[in-house]
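What's in entry.txt: compact mmCIF, C-alpha atoms
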# COMPACT_ATOMS: atom_id res chain seq x y z
CA ARG A 1 -39.22 26.27 20.38
CA LEU A 2 -38.64 23.47 22.85
CA LEU A 3 -37.15 21.07 20.28
CA PRO A 4 -34.28 23.33 19.12
CA ARG A 5 -33.49 24.12 22.77
CA ALA A 6 -33.35 20.39 23.56
CA LEU A 7 -31.03 19.79 20.62
CA ARG A 8 -28.74 22.58 21.80
CA CYS A 9 -28.62 21.04 25.26
CA ARG A 10 -27.66 17.65 23.84
CA ASN A 11 -24.96 19.31 21.74
CA ILE A 12 -23.53 21.05 24.78
CA LEU A 13 -23.58 17.76 26.68
CA TYR A 14 -21.55 16.09 23.95
CA MET A 15 -19.02 18.93 23.92
CA LEU A 16 -18.56 18.65 27.66
CA THR A 17 -18.08 14.86 27.61
CA ALA A 18 -16.37 13.87 24.34
CA ALA A 19 -14.48 17.01 23.37
CA PRO A 20 -12.17 17.33 26.40
CA LEU A 21 -10.36 14.07 25.62
CA ALA A 22 -9.68 15.11 22.04
CA ALA A 23 -8.62 18.57 23.22
CA ARG A 24 -6.24 17.14 25.79
CA SER A 25 -4.69 14.85 23.16
CA ALA A 26 -4.19 17.79 20.82
CA ILE A 27 -2.64 19.87 23.62
CA ALA A 28 -0.33 17.01 24.54
CA LEU A 29 0.78 16.64 20.90
CA CYS A 30 1.50 20.37 20.70
CA SER A 31 3.48 20.14 23.93
CA LEU A 32 5.58 17.32 22.47
CA ALA A 33 6.33 19.39 19.38
CA ALA A 34 7.34 22.34 21.57
CA ALA A 35 9.79 20.13 23.45
CA GLY A 36 12.02 20.12 20.38
CA ARG A 37 13.69 17.48 18.27
CA GLY A 38 15.90 14.79 19.75
CA HIS A 39 14.57 15.11 23.31
CA LEU A 40 11.83 12.51 23.25
CA GLY A 41 11.62 9.15 24.96
CA VAL A 42 9.45 7.46 22.32
CA VAL A 43 7.80 4.14 23.09
CA ILE A 44 6.44 1.83 20.39
CA ARG A 45 3.57 -0.43 21.39
CA ALA A 46 0.46 -2.10 20.03
CA ALA A 47 -2.73 -0.08 20.36
CA ASN A 48 -5.73 -1.64 22.07
CA LEU A 49 -8.66 -0.97 19.75
CA THR A 50 -11.11 -1.95 22.48
CA ASP A 51 -9.73 0.75 24.78
CA PRO A 52 -11.54 4.12 24.43
CA GLY A 53 -8.38 6.05 25.32
CA ASP A 54 -6.27 4.42 22.61
CA CYS A 55 -9.08 4.79 20.06
CA GLU A 56 -9.57 8.48 20.80
CA ALA A 57 -5.83 9.16 20.64
CA LEU A 58 -5.72 7.49 17.21
CA CYS A 59 -8.84 9.31 16.03
CA CYS A 60 -7.16 12.61 16.86
CA VAL A 61 -4.47 11.99 14.23
CA ARG A 62 -6.39 10.06 11.57
CA LYS A 63 -8.66 11.42 8.91
CA PRO A 64 -12.01 9.75 8.18
CA VAL A 65 -11.68 7.02 5.56
CA GLU A 66 -15.29 5.86 5.67
CA PHE A 67 -18.41 7.97 5.19
CA VAL A 68 -20.19 8.06 8.53
CA VAL A 69 -22.58 10.70 9.83
CA GLU A 70 -20.69 12.15 12.79
CA GLN A 71 -21.42 14.71 15.46
CA GLY A 72 -21.70 18.12 13.81
CA SER A 73 -22.02 16.75 10.26
CA LYS A 74 -24.33 18.71 8.00
CA GLY A 75 -27.03 16.77 6.20
CA PHE A 76 -30.18 17.52 4.22
CA LEU A 77 -30.95 21.24 4.04
CA GLY A 78 -27.95 22.00 6.21
CA GLN A 79 -29.30 20.21 9.28
CA VAL A 80 -26.53 19.54 11.81
CA ALA A 81 -26.32 16.03 13.27
CA VAL A 82 -26.67 15.94 17.06
CA LEU A 83 -25.87 12.56 18.55
CA GLU A 84 -25.78 10.99 21.96
CA PRO A 85 -22.19 11.03 23.31
CA GLU A 86 -21.71 7.24 23.08
CA VAL A 87 -23.16 7.12 19.57
CA ALA A 88 -20.90 10.01 18.53
CA ARG A 89 -17.86 8.19 19.94
CA ARG A 90 -18.67 4.96 18.10
CA ARG A 91 -19.19 6.75 14.79
CA ARG A 92 -15.96 8.73 15.22
CA VAL A 93 -14.08 5.46 15.71
CA GLN A 94 -15.88 3.79 12.79
CA ALA A 95 -14.99 6.63 10.41
CA ARG A 96 -11.28 6.55 11.25
CA LEU A 97 -10.56 3.02 12.45
CA GLY A 98 -13.32 1.00 10.79
CA SER A 99 -11.03 -0.56 8.18
CA ALA A 100 -8.41 -1.47 10.78
CA ILE A 101 -11.01 -3.13 12.99
CA ARG A 102 -12.71 -4.89 10.08
CA ASP A 103 -9.38 -6.25 8.75
CA LYS A 104 -8.26 -7.27 12.25
CA ALA A 105 -5.19 -5.08 11.87
CA ARG A 106 -2.59 -4.79 14.60
CA VAL A 107 -2.08 -1.04 14.96
CA LEU A 108 1.32 0.00 16.30
CA ILE A 109 1.67 3.46 17.80
CA ALA A 110 4.61 5.69 18.71
CA ALA A 111 4.07 7.91 21.73
CA ASP A 112 6.05 9.87 24.30
CA ALA A 113 6.90 7.53 27.17
CA GLY A 114 6.79 10.28 29.79
CA ALA A 115 3.68 12.18 28.70
CA ALA A 116 0.79 12.40 31.16
CA GLU A 117 -1.75 12.18 28.31
CA LEU A 118 -1.42 9.73 25.42
CA ALA A 119 -0.43 11.68 22.31
CA VAL A 120 0.19 9.56 19.22
CA ILE A 121 3.07 10.83 17.07
CA GLY A 122 3.28 7.87 14.71
CA THR A 123 1.24 4.83 13.64
CA VAL A 124 1.35 1.87 11.29
CA ASP A 125 -1.23 -0.83 10.55
CA CYS A 126 -0.22 -4.49 10.16
CA VAL A 127 -2.64 -6.91 8.50
CA ALA A 128 -1.94 -10.65 8.25
CA LEU A 129 -2.79 -12.01 4.79
CA PRO A 130 -2.77 -15.58 3.45
CA ALA A 131 -0.67 -16.69 0.51
CA GLY A 132 -1.99 -15.54 -2.85
CA LYS A 133 -2.04 -12.65 -5.27
CA GLY A 134 -1.15 -9.17 -4.17
CA ARG A 135 -2.89 -5.95 -5.11
CA ARG A 136 -2.82 -6.75 -8.83
CA ALA A 137 -4.46 -9.85 -10.26
CA MET A 138 -1.61 -10.21 -12.78
CA GLY A 139 1.05 -9.87 -10.08
CA PRO A 140 3.19 -12.66 -8.68
CA GLU A 141 2.04 -15.22 -6.15
CA LEU A 142 3.05 -14.10 -2.68
CA PRO A 143 3.56 -16.19 0.46
CA GLN A 144 1.71 -15.65 3.71
CA ARG A 145 2.60 -12.12 4.60
CA LEU A 146 2.11 -9.12 6.85
CA LEU A 147 0.71 -6.17 4.89
CA ILE A 148 2.10 -2.84 6.09
CA ARG A 149 -0.13 0.18 5.52
CA ASN A 150 -0.89 3.68 6.83
CA LEU A 151 2.63 4.39 8.08
CA TRP A 152 2.46 7.92 9.45
CA VAL A 153 4.65 10.17 11.61
CA ALA A 154 3.63 13.63 12.79
CA GLU A 155 5.39 16.30 10.74
CA ALA A 156 7.17 17.83 13.75
CA PHE A 157 8.80 14.47 14.54
CA ARG A 158 9.90 13.30 11.12
CA ARG A 159 13.54 12.50 10.23
CA GLN A 160 14.16 11.27 13.76
CA GLY A 161 14.01 7.55 13.03
CA ILE A 162 10.47 7.05 14.33
CA GLY A 163 9.21 5.65 11.03
CA ARG A 164 12.11 3.20 10.97
CA ARG A 165 11.35 2.14 14.55
CA LEU A 166 7.73 1.51 13.65
CA MET A 167 8.84 -0.63 10.70
CA ASP A 168 11.27 -2.53 12.95
CA ALA A 169 8.40 -3.15 15.37
CA ALA A 170 6.31 -4.47 12.45
CA GLU A 171 9.09 -6.95 11.64
CA GLU A 172 9.17 -8.08 15.26
CA LEU A 173 5.40 -8.52 15.15
CA ALA A 174 5.72 -10.63 12.00
CA ALA A 175 8.28 -12.84 13.74
CA GLU A 176 5.93 -13.28 16.70
CA MET A 177 3.20 -14.34 14.27
CA HIS A 178 5.59 -16.72 12.44
CA ILE A 179 5.24 -14.71 9.22
CA GLU A 180 8.36 -14.45 7.06
CA PHE A 181 7.32 -11.90 4.43
CA LEU A 182 6.31 -8.23 4.52
CA SER A 183 4.53 -6.36 1.73
CA LEU A 184 3.35 -2.80 1.21
CA ASP A 185 2.22 -0.37 -1.47
CA VAL A 186 3.77 3.06 -2.01
CA LEU A 187 3.30 5.75 -4.63
CA ALA A 188 6.14 5.64 -7.13
CA ASP A 189 6.77 9.38 -6.84
CA ASN A 190 6.89 9.35 -3.01
CA GLU A 191 10.67 9.54 -2.86
CA PRO A 192 11.08 9.89 0.96
CA ALA A 193 8.92 6.82 1.62
CA ARG A 194 10.64 4.81 -1.11
CA ARG A 195 14.07 5.66 0.31
CA LEU A 196 12.94 4.50 3.75
CA TYR A 197 11.54 1.20 2.50
CA GLU A 198 14.45 0.47 0.16
CA GLY A 199 16.87 1.25 2.99
CA LEU A 200 15.05 -1.36 5.07
CA GLY A 201 15.53 -3.99 2.36
CA PHE A 202 12.21 -3.81 0.48
CA THR A 203 12.36 -4.50 -3.25
CA ASP A 204 9.99 -4.00 -6.17
CA LEU A 205 7.76 -7.06 -6.57
CA GLU A 206 6.76 -6.15 -10.13
CA PRO A 207 9.71 -4.41 -11.81
CA PRO A 208 8.92 -3.30 -15.37
CA PRO A 209 10.87 -4.97 -18.21
CA VAL A 210 11.92 -1.52 -19.47
CA PRO A 211 12.41 1.77 -17.59
CA VAL A 212 9.10 3.52 -16.93
CA PRO A 213 8.64 7.04 -15.46
CA ASN A 214 7.46 7.03 -11.85
CA TRP A 215 4.41 9.16 -12.65
CA LEU A 216 3.28 6.52 -15.12
CA ARG A 217 3.67 3.57 -12.73
CA GLY A 218 1.41 4.95 -10.02
CA ALA A 219 1.66 2.72 -6.95
CA LEU A 220 4.45 0.20 -6.43
CA SER A 221 4.17 -3.11 -4.61
CA LEU A 222 7.24 -3.74 -2.46
CA GLY A 223 8.16 -6.82 -0.47
CA LYS A 224 10.77 -8.08 1.95
CA ALA A 225 11.58 -11.64 2.93
CA LEU A 226 12.45 -12.05 6.60
CA ALA A 227 14.97 -14.49 7.93
CA PRO A 228 13.34 -17.57 9.50
CA PRO A 229 13.53 -17.76 13.31
CA GLY A 230 17.02 -18.75 14.43
CA VAL A 231 18.66 -17.65 11.17
CA THR A 232 20.59 -14.39 10.89
CA ALA A 233 20.40 -12.02 7.92
CA GLU A 234 23.69 -13.50 6.61
CA GLY A 235 22.11 -16.97 6.49
CA SER A 236 24.00 -18.55 9.37
CA THR A 237 22.16 -20.38 12.12
CA GLU A 238 21.98 -18.49 15.38
CA MET A 239 23.15 -20.54 18.38
CA ARG A 240 20.60 -20.40 21.16
CA PRO A 241 21.44 -21.28 24.77
CA MET A 242 20.06 -24.60 25.96

Let's see the structure in the file written out as structure tokens.
Amino acid sequence: RLLPRALRCRNILYMLTAAPLAARSAIALCSLAAAGRGHLGVVIRAANLTDPGDCEALCCVRKPVEFVVEQGSKGFLGQVAVLEPEVARRRRVQARLGSAIRDKARVLIAADAGAAELAVIGTVDCVALPAGKGRRAMGPELPQRLLIRNLWVAEAFRRQGIGRRLMDAAEELAAEMHIEFLSLDVLADNEPARRLYEGLGFTDLEPPPVPVPNWLRGALSLGKALAPPGVTAEGSTEMRPM
């Protein structure tokens, strides 16, 4: 009888320590949605993946992409996992941000500049890759590039230019890193995303020799060459003050 009671006590302790931060982030996100469209001062910045606050705010909007036994997970014979608060926090981060941390991604976030609690309403991951093949072994050779992935904007805040601002911030990051090429993958039948990327100047890196239905192509690899530092999009050299 003592063991189940001890487990319940540990579970309650976790709920009192870890849950409030996630709850406050969710409440803040709901408050932003209630504020209505077009009334947000959105700031784009790089997330600090060593900061517990930034990690928790990201975990609140990301689904697990790695199998990790988390707090409350059911295991063998329906046993519920009860973890120490710090262990639960680390596993929550690993499940949702493990790939970003492992790939040394720069995660950009969009958030309300005036909110008391950090509530993420958009994110994108940027991963620096060396020159070489892309996703397909038979694809073209690509230069050193910044891989764009996991672009996401909360449903209540879509069609407000936040996704475009995140992509613009990714271009600025590439310039800071002296990278002159962006690449990304997108499902061929994801028309809204394709329109966004094509409007930003991305083109198909592997166009088929004959027309092929989108459903048959699956994922597309898109790329965009950036103008070298000091050169405008039209190709002229930008005059910098001495």

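Counting all atoms listed in the file and comparing A:Val124, A:Met167, A:Ala47, A:Val87, the residue that lies closest to Val69 in chain A is A:Val87.
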
Between CA of Leu182 in chain A and CA of Leu108 in chain A - distance in Å to one decimal: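 Distance reported for this atom pair: 15.2 Å.
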
Show me, as an NGL selection string, the residues that have an atom within 12 Å of range 210-216 of chain A when counting only C-alpha atoms, minus same-chain residues fewer than 3 positions from it. :A and (186-191 or 194 or 206-207 or 219-220)

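Compared by their closest atoms to Ser221 in chain A, and using only C-alpha atoms, the residues A:Ile179, A:Arg135, A:Glu141, A:Leu151 rank with A:Arg135 nearest.
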
For Leu129 in chain A, the nearest of the candidates A:Asp54, A:Glu172, A:Glu180, A:Glu86, counting all atoms listed in the file: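 When distances to Leu129 in chain A are compared using all atoms listed in the file, the smallest one comes from A:Glu180.
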
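Comparing A:Ala113, A:Leu142, A:Leu58, A:Ile148 by their smallest distance to Ala169 in chain A, the closest is A:Ile148 (using only C-alpha atoms).
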
What separates CA of Pro64 in chain A and CA of Arg90 in chain A is a distance of 12.9 Å
